[in-house]
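Structure data follow from final_10.csv (CSV, C-alpha atoms):
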chain,number,residue,atom,x,y,z
H,75,MET,CA,-14.5,14.8,10.1
H,76,ARG,CA,-12.8,11.9,8.6
H,77,TYR,CA,-12.6,11.2,4.9
H,78,TYR,CA,-13.1,7.5,4.7
H,79,LEU,CA,-13.1,7.2,0.9
H,80,LEU,CA,-9.9,9.3,0.7
H,81,MET,CA,-8.3,7.1,3.4
H,82,PHE,CA,-9.3,4.0,1.4
H,83,SER,CA,-7.8,5.4,-1.7
H,84,MET,CA,-4.5,6.2,0.1
H,85,ILE,CA,-4.4,2.7,1.4
H,86,LEU,CA,-4.9,1.5,-2.2
H,87,ASN,CA,-2.1,3.8,-3.4
H,88,ILE,CA,0.2,2.2,-0.9
H,89,ILE,CA,-0.8,-1.3,-2.0
H,90,VAL,CA,-0.2,-0.3,-5.7
H,91,ALA,CA,3.2,1.0,-4.8
H,92,LEU,CA,4.1,-2.2,-3.0
H,93,LEU,CA,3.0,-4.5,-5.9
H,94,PRO,CA,6.0,-5.9,-7.8
H,95,TYR,CA,4.1,-6.6,-11.0
H,96,TYR,CA,4.4,-4.9,-14.4
H,97,TRP,CA,1.4,-3.0,-15.8
H,98,TRP,CA,2.0,-3.3,-19.5
H,99,TYR,CA,3.7,-5.9,-21.8
H,100,TYR,CA,5.2,-5.4,-25.3
H,101,SER,CA,6.9,-7.8,-27.5
H,102,ILE,CA,8.2,-7.5,-31.1
H,103,GLY,CA,8.5,-11.0,-32.2
H,104,GLY,CA,10.4,-11.9,-29.0
H,105,ILE,CA,13.3,-9.9,-30.3
H,106,ILE,CA,12.4,-6.9,-28.1
H,107,VAL,CA,10.4,-7.5,-24.9
H,108,VAL,CA,9.4,-4.6,-22.7
H,109,LYS,CA,7.5,-4.9,-19.4
H,110,ASP,CA,6.9,-1.8,-17.5
H,111,SER,CA,5.0,-0.1,-14.7
H,112,LEU,CA,5.4,3.2,-12.9
H,113,PHE,CA,7.8,1.6,-10.5
H,114,ASN,CA,9.6,-1.1,-12.5
H,115,LEU,CA,11.0,-1.6,-16.0
H,116,TYR,CA,12.3,-4.6,-17.9
H,117,VAL,CA,13.8,-4.5,-21.3
H,118,ASN,CA,15.2,-7.5,-23.1
H,119,LEU,CA,16.8,-7.0,-26.5
H,120,LEU,CA,17.9,-10.1,-28.4
H,121,GLY,CA,18.0,-12.0,-25.1
H,122,SER,CA,20.3,-9.5,-23.4
H,123,ASN,CA,19.5,-7.4,-20.4
H,124,TYR,CA,21.2,-4.1,-20.0
H,125,GLU,CA,22.8,-2.5,-17.0
H,126,ILE,CA,21.2,0.9,-17.6
H,127,ILE,CA,17.8,-0.6,-16.9
H,128,ASN,CA,19.1,-1.7,-13.5
H,129,VAL,CA,20.1,1.9,-12.8
H,130,ILE,CA,16.7,3.2,-13.9
H,131,ASN,CA,15.0,0.6,-11.7
H,132,TYR,CA,17.0,1.9,-8.7
H,133,PHE,CA,15.5,5.3,-9.3
H,134,LEU,CA,12.0,3.8,-9.8
H,135,PHE,CA,12.4,1.8,-6.6
H,136,SER,CA,13.2,5.1,-4.6
H,137,PHE,CA,10.2,6.7,-6.4
H,138,ARG,CA,8.1,3.8,-5.1
H,139,PHE,CA,9.0,4.8,-1.5
H,140,TYR,CA,8.2,8.4,-2.2
H,141,VAL,CA,4.7,7.5,-3.3
H,142,ILE,CA,4.3,5.3,-0.2
H,143,SER,CA,5.5,8.0,2.2
H,144,VAL,CA,3.3,10.7,0.6
H,145,SER,CA,0.2,8.4,0.5
H,146,ALA,CA,0.9,7.4,4.2
H,147,TYR,CA,1.1,11.1,5.2
H,148,TYR,CA,-2.1,11.9,3.3
H,149,LEU,CA,-3.7,8.9,5.0
H,150,TYR,CA,-2.7,10.3,8.4
H,151,THR,CA,-3.9,13.8,7.6
H,152,ALA,CA,-7.3,12.4,6.3
H,153,TYR,CA,-7.6,10.5,9.6
H,154,LYS,CA,-7.0,13.8,11.4
H,155,GLY,CA,-9.7,15.5,9.3
H,156,ILE,CA,-7.5,17.4,6.9
H,157,ARG,CA,-8.3,16.7,3.3
H,158,ASN,CA,-5.3,16.2,0.9
H,159,THR,CA,-5.6,14.2,-2.3
H,160,TYR,CA,-2.8,12.5,-4.1
H,161,LEU,CA,-3.7,11.8,-7.7
H,162,LEU,CA,-0.5,10.4,-9.1
H,163,ILE,CA,-1.8,6.8,-9.4
H,164,MET,CA,-4.9,8.2,-11.2
H,165,TRP,CA,-2.8,10.2,-13.7
H,166,ALA,CA,-0.4,7.3,-14.3
H,167,SER,CA,-3.0,4.7,-14.8
H,168,TYR,CA,-5.0,6.8,-17.2
H,169,PHE,CA,-1.9,7.9,-19.2
H,170,TYR,CA,-0.8,4.3,-19.6
H,171,PHE,CA,-3.3,4.1,-22.4
H,172,LEU,CA,-1.0,6.4,-24.2
H,173,ASP,CA,1.8,3.7,-24.3
H,174,PRO,CA,0.5,2.0,-27.4
H,175,ILE,CA,0.1,5.4,-29.1
H,176,ILE,CA,3.7,6.2,-28.3
H,177,VAL,CA,4.9,2.9,-29.7
H,178,TYR,CA,2.9,3.7,-32.8
H,179,LEU,CA,4.6,7.1,-33.2
H,180,ILE,CA,8.0,5.4,-32.8
H,181,PHE,CA,7.2,2.8,-35.5
H,182,GLU,CA,5.4,5.1,-37.9
H,183,TYR,CA,7.8,8.1,-37.8
H,184,VAL,CA,11.2,6.9,-36.5
H,185,LEU,CA,11.4,3.4,-38.0
H,186,GLY,CA,9.1,4.4,-40.9
H,187,SER,CA,11.8,6.8,-42.2
H,188,PHE,CA,14.2,3.9,-42.6
H,189,MET,CA,11.9,1.2,-43.9
H,190,PRO,CA,8.4,1.0,-45.3
H,191,ILE,CA,6.3,-0.1,-42.3
H,192,LYS,CA,2.6,0.3,-41.5
H,193,TYR,CA,2.0,0.0,-37.8
H,194,PRO,CA,-1.6,-0.1,-36.5
H,195,PHE,CA,-2.5,3.0,-34.4
H,196,PHE,CA,-3.5,1.2,-31.3
H,197,ILE,CA,-2.7,-2.5,-30.5
H,198,ILE,CA,-4.1,-4.4,-27.5
H,199,GLY,CA,-3.5,-8.0,-28.2
H,200,THR,CA,-1.5,-9.5,-31.0
H,201,GLU,CA,-1.0,-8.2,-34.5
H,202,VAL,CA,1.3,-9.3,-37.3
H,203,ILE,CA,3.2,-6.6,-39.1
H,204,ASN,CA,4.6,-7.3,-42.6
H,205,VAL,CA,7.5,-5.4,-44.0
H,206,TYR,CA,8.6,-5.7,-47.6
H,207,GLU,CA,12.2,-4.7,-48.2
H,208,ASN,CA,14.1,-5.5,-51.5
H,209,GLY,CA,11.7,-8.3,-52.4
H,210,ALA,CA,11.9,-9.9,-49.0
H,211,LYS,CA,8.9,-10.2,-46.6
H,212,ILE,CA,9.5,-9.8,-42.9
H,213,SER,CA,6.7,-10.7,-40.6
H,214,MET,CA,6.8,-9.5,-37.0
H,215,PRO,CA,4.2,-10.5,-34.4
H,216,ILE,CA,3.6,-7.5,-32.1
H,217,GLU,CA,2.1,-8.1,-28.7
H,218,SER,CA,0.8,-5.2,-26.6
H,219,TYR,CA,-1.5,-5.7,-23.7
H,220,PRO,CA,-2.2,-4.5,-20.1
H,221,THR,CA,-1.6,-7.0,-17.4
H,222,LEU,CA,-4.1,-7.9,-14.7
H,223,SER,CA,-2.3,-5.6,-12.2
H,224,TYR,CA,-2.9,-2.7,-14.6
H,225,TRP,CA,-6.6,-3.2,-14.4
H,226,PHE,CA,-6.3,-3.1,-10.6
H,227,VAL,CA,-4.2,0.1,-10.8
H,228,LEU,CA,-6.8,1.6,-13.1
H,229,PHE,CA,-9.5,0.8,-10.5
H,230,VAL,CA,-7.4,2.4,-7.8
H,231,GLY,CA,-6.9,5.5,-10.0
H,232,THR,CA,-10.7,5.8,-10.5
H,233,ILE,CA,-11.2,5.5,-6.8
H,234,ASN,CA,-8.6,8.3,-6.3
H,235,LEU,CA,-10.5,10.5,-8.8
H,236,ILE,CA,-13.8,9.8,-7.1
H,237,SER,CA,-12.3,10.6,-3.7
H,238,ARG,CA,-11.2,13.9,-5.1
H,239,PHE,CA,-14.8,15.0,-5.7
H,240,ILE,CA,-16.7,13.3,-2.9
H,241,LYS,CA,-16.3,15.4,0.3
H,242,ARG,CA,-17.0,12.7,2.9

As structure tokens, please, write out the structure in this file.
Amino acid sequence: MRYYLLMFSMILNIIVALLPYYWWYYSIGGIIVVKDSLFNLYVNLLGSNYEIINVINYFLFSFRFYVISVSAYYLYTAYKGIRNTYLLIMWASYFYFLDPIIVYLIFEYVLGSFMPIKYPFFIIGTEVINVYENGAKISMPIESYPTLSYWFVLFVGTINLISRFIKR
């Protein structure tokens, strides 16, 4: 018995791991720009890139090949009739909705202890945050949105989840 949906989802996992695109984009007035995915990270602070991000990307690049090799192995076992599911892409794509909430917690509790700031709980799109400090008003446009590749990854994660429950 071959598991065609499972084989299709493993092929999609390999495609996702091969995609060089970012899944989510953040910008705080252009001062801090963060683009990330499960396999790639870009952080720009005041126009500067940092070497530590390159080191992190080396690890993420090797993790990309781990995901490809596990998905290829599970594709092979599904072809042979052995059912193994690999749900990493599903978990990663679903948990990426937590990213705006994590940013909220950082702004609300870490930065909020230093300056009076009210950050919206969940931002998808663009919001303007106003901070009043010593009679001065600071306005920061905050951008946070998933990219088109994220929606593809979310689709792949949903196919992975469906293939977990459908037996054929």

Produce a table with one row for each residue of stretch 153-240 of chain H that has an atom at most 7 Å from any atom of stretch 101-122 of chain H, each row naming the nearest atom pair and its distance in Å at one decimal; use only C-alpha atoms; arrange rows by chain and rising residue number; format as JSON lines.
{"residue": "H:Met214", "atom": "CA", "partner": "H:Gly103", "partner_atom": "CA", "distance": 5.3}
{"residue": "H:Pro215", "atom": "CA", "partner": "H:Gly103", "partner_atom": "CA", "distance": 4.9}
{"residue": "H:Ile216", "atom": "CA", "partner": "H:Ile102", "partner_atom": "CA", "distance": 4.7}
{"residue": "H:Glu217", "atom": "CA", "partner": "H:Ser101", "partner_atom": "CA", "distance": 5.0}
{"residue": "H:Ser218", "atom": "CA", "partner": "H:Ser101", "partner_atom": "CA", "distance": 6.7}

(request) Give me, please, the distance in Å between atom CA of H:Ala146 and atom CA of H:Leu86, quoted to one decimal. (result)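 Between these atoms lies a distance of 10.5 Å.
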
(message) Excluding H:Tyr170 and its own-chain neighbours fewer than 6 positions away, which residues fall within 12 Å of it when counting all atoms listed in the file? Please give them as a list in words.
(response)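 In the requested format, the answer is Tyr96, Trp97, Trp98, Tyr99, Asp110, Ser111, Leu112, Ile163, Met164, Ile176, Val177, Ser218, Tyr219, Pro220, Thr221, Tyr224, Trp225, Val227, Leu228 and Gly231 of chain H.
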
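Comparing the minimum interatomic distances between H:Ala91 and each of H:Val202, H:Ile142, H:Ile233, H:Leu149, counting all atoms listed in the file, we find that H:Ile142 sits nearest.
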
(request) Compile the contact shell of H:Thr232 as a list in words: residues with an atom at most 10 Å away, counting all atoms listed in the file, same-chain residues fewer than 5 positions apart removed. (result) Ser83, Leu161, Ile163, Met164, Trp165, Ser167, Tyr168, Phe226, Val227, Ser237 and Arg238 of chain H

(request) Would you mind telling me which residue in H:Thr159, H:Ala152, H:Leu92, H:Ile198 lies nearest to H:Tyr178 when using only C-alpha atoms? (result) H:Ile198

(message) Please compute the atom CA of H:Tyr124-atom CA of H:Tyr140 distance, one decimal, in Å.
(response)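 Atom-to-atom, atom CA of H:Tyr124 to atom CA of H:Tyr140, that is 25.3 Å.
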
(message) One number please: atom CA of H:Phe137 to atom CA of H:Pro174, in Å, one decimal.
(response)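 Computing it gives 23.6 Å between the two atoms.
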
(request) Identify which of the residues H:Ala210, H:Met84, H:Leu222, H:Leu235 lies closest to H:Ser143, counting only C-alpha atoms when measuring atom-to-atom distances. (result) H:Met84

Work out where the centre of an axis-aligned box around every listed atom of stretch 151-163 of chain H lies and how long its edges are once 6 Å is added on each side; give both in Å to one decimal as lines of an AutoDock Vina configuration file.
center_x = -5.1
center_y = 12.1
center_z = 1.0
size_x = 21.2
size_y = 22.6
size_z = 32.8

Kindly reconstruct stretch 209-238 of chain H with N, CA and C atoms and present the result as a compact mmCIF listing (two decimals), in the coordinates of the input.
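For reference, part.txt as written:
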# COMPACT_ATOMS: atom_id res chain seq x y z
N GLY H 209 12.30 -7.02 -52.00
CA GLY H 209 11.70 -8.30 -52.40
C GLY H 209 11.56 -9.31 -51.33
N ALA H 210 11.99 -9.00 -50.13
CA ALA H 210 11.90 -9.90 -49.00
C ALA H 210 10.72 -9.50 -48.10
N LYS H 211 10.04 -10.47 -47.56
CA LYS H 211 8.90 -10.20 -46.60
C LYS H 211 9.37 -10.56 -45.23
N ILE H 212 9.22 -9.60 -44.33
CA ILE H 212 9.50 -9.80 -42.90
C ILE H 212 8.23 -9.70 -42.14
N SER H 213 7.87 -10.74 -41.41
CA SER H 213 6.70 -10.70 -40.60
C SER H 213 7.08 -10.63 -39.12
N MET H 214 6.48 -9.68 -38.42
CA MET H 214 6.80 -9.50 -37.00
C MET H 214 5.49 -9.55 -36.20
N PRO H 215 5.35 -10.53 -35.32
CA PRO H 215 4.20 -10.50 -34.40
C PRO H 215 4.43 -9.48 -33.31
N ILE H 216 3.50 -8.58 -33.15
CA ILE H 216 3.60 -7.50 -32.10
C ILE H 216 2.54 -7.84 -31.07
N GLU H 217 2.98 -7.91 -29.83
CA GLU H 217 2.10 -8.10 -28.70
C GLU H 217 2.11 -6.86 -27.84
N SER H 218 0.95 -6.39 -27.45
CA SER H 218 0.80 -5.20 -26.60
C SER H 218 -0.44 -5.39 -25.78
N TYR H 219 -0.31 -5.52 -24.48
CA TYR H 219 -1.50 -5.70 -23.70
C TYR H 219 -1.27 -5.25 -22.23
N PRO H 220 -2.32 -4.77 -21.58
CA PRO H 220 -2.20 -4.50 -20.10
C PRO H 220 -2.28 -5.79 -19.36
N THR H 221 -1.58 -5.83 -18.25
CA THR H 221 -1.60 -7.00 -17.40
C THR H 221 -2.79 -6.88 -16.42
N LEU H 222 -3.05 -7.93 -15.68
CA LEU H 222 -4.10 -7.90 -14.70
C LEU H 222 -3.87 -6.85 -13.62
N SER H 223 -2.62 -6.66 -13.25
CA SER H 223 -2.30 -5.60 -12.20
C SER H 223 -2.63 -4.24 -12.75
N TYR H 224 -2.52 -4.01 -14.07
CA TYR H 224 -2.90 -2.70 -14.60
C TYR H 224 -4.36 -2.40 -14.36
N TRP H 225 -5.21 -3.40 -14.55
CA TRP H 225 -6.60 -3.20 -14.40
C TRP H 225 -6.93 -2.83 -12.89
N PHE H 226 -6.19 -3.44 -11.97
CA PHE H 226 -6.30 -3.10 -10.60
C PHE H 226 -5.86 -1.64 -10.33
N VAL H 227 -4.75 -1.26 -10.95
CA VAL H 227 -4.20 0.10 -10.80
C VAL H 227 -5.22 1.11 -11.42
N LEU H 228 -5.83 0.77 -12.53
CA LEU H 228 -6.80 1.60 -13.10
C LEU H 228 -8.03 1.81 -12.21
N PHE H 229 -8.44 0.73 -11.55
CA PHE H 229 -9.50 0.80 -10.50
C PHE H 229 -9.11 1.72 -9.40
N VAL H 230 -7.88 1.58 -8.92
CA VAL H 230 -7.40 2.40 -7.80
C VAL H 230 -7.35 3.89 -8.29
N GLY H 231 -6.91 4.14 -9.51
CA GLY H 231 -6.90 5.50 -10.00
C GLY H 231 -8.29 6.10 -10.12
N THR H 232 -9.27 5.29 -10.47
CA THR H 232 -10.70 5.80 -10.50
C THR H 232 -11.18 6.06 -9.13
N ILE H 233 -10.83 5.23 -8.15
CA ILE H 233 -11.20 5.50 -6.80
C ILE H 233 -10.56 6.80 -6.29
N ASN H 234 -9.30 7.03 -6.68
CA ASN H 234 -8.60 8.30 -6.30
C ASN H 234 -9.37 9.48 -6.91
N LEU H 235 -9.79 9.38 -8.16
CA LEU H 235 -10.50 10.50 -8.80
C LEU H 235 -11.86 10.72 -8.12
N ILE H 236 -12.56 9.66 -7.79
CA ILE H 236 -13.80 9.80 -7.10
C ILE H 236 -13.64 10.43 -5.73
N SER H 237 -12.58 10.02 -5.02
CA SER H 237 -12.30 10.60 -3.70
C SER H 237 -11.96 12.06 -3.75
N ARG H 238 -11.50 12.50 -4.90
CA ARG H 238 -11.20 13.90 -5.10
C ARG H 238 -12.43 14.78 -5.06
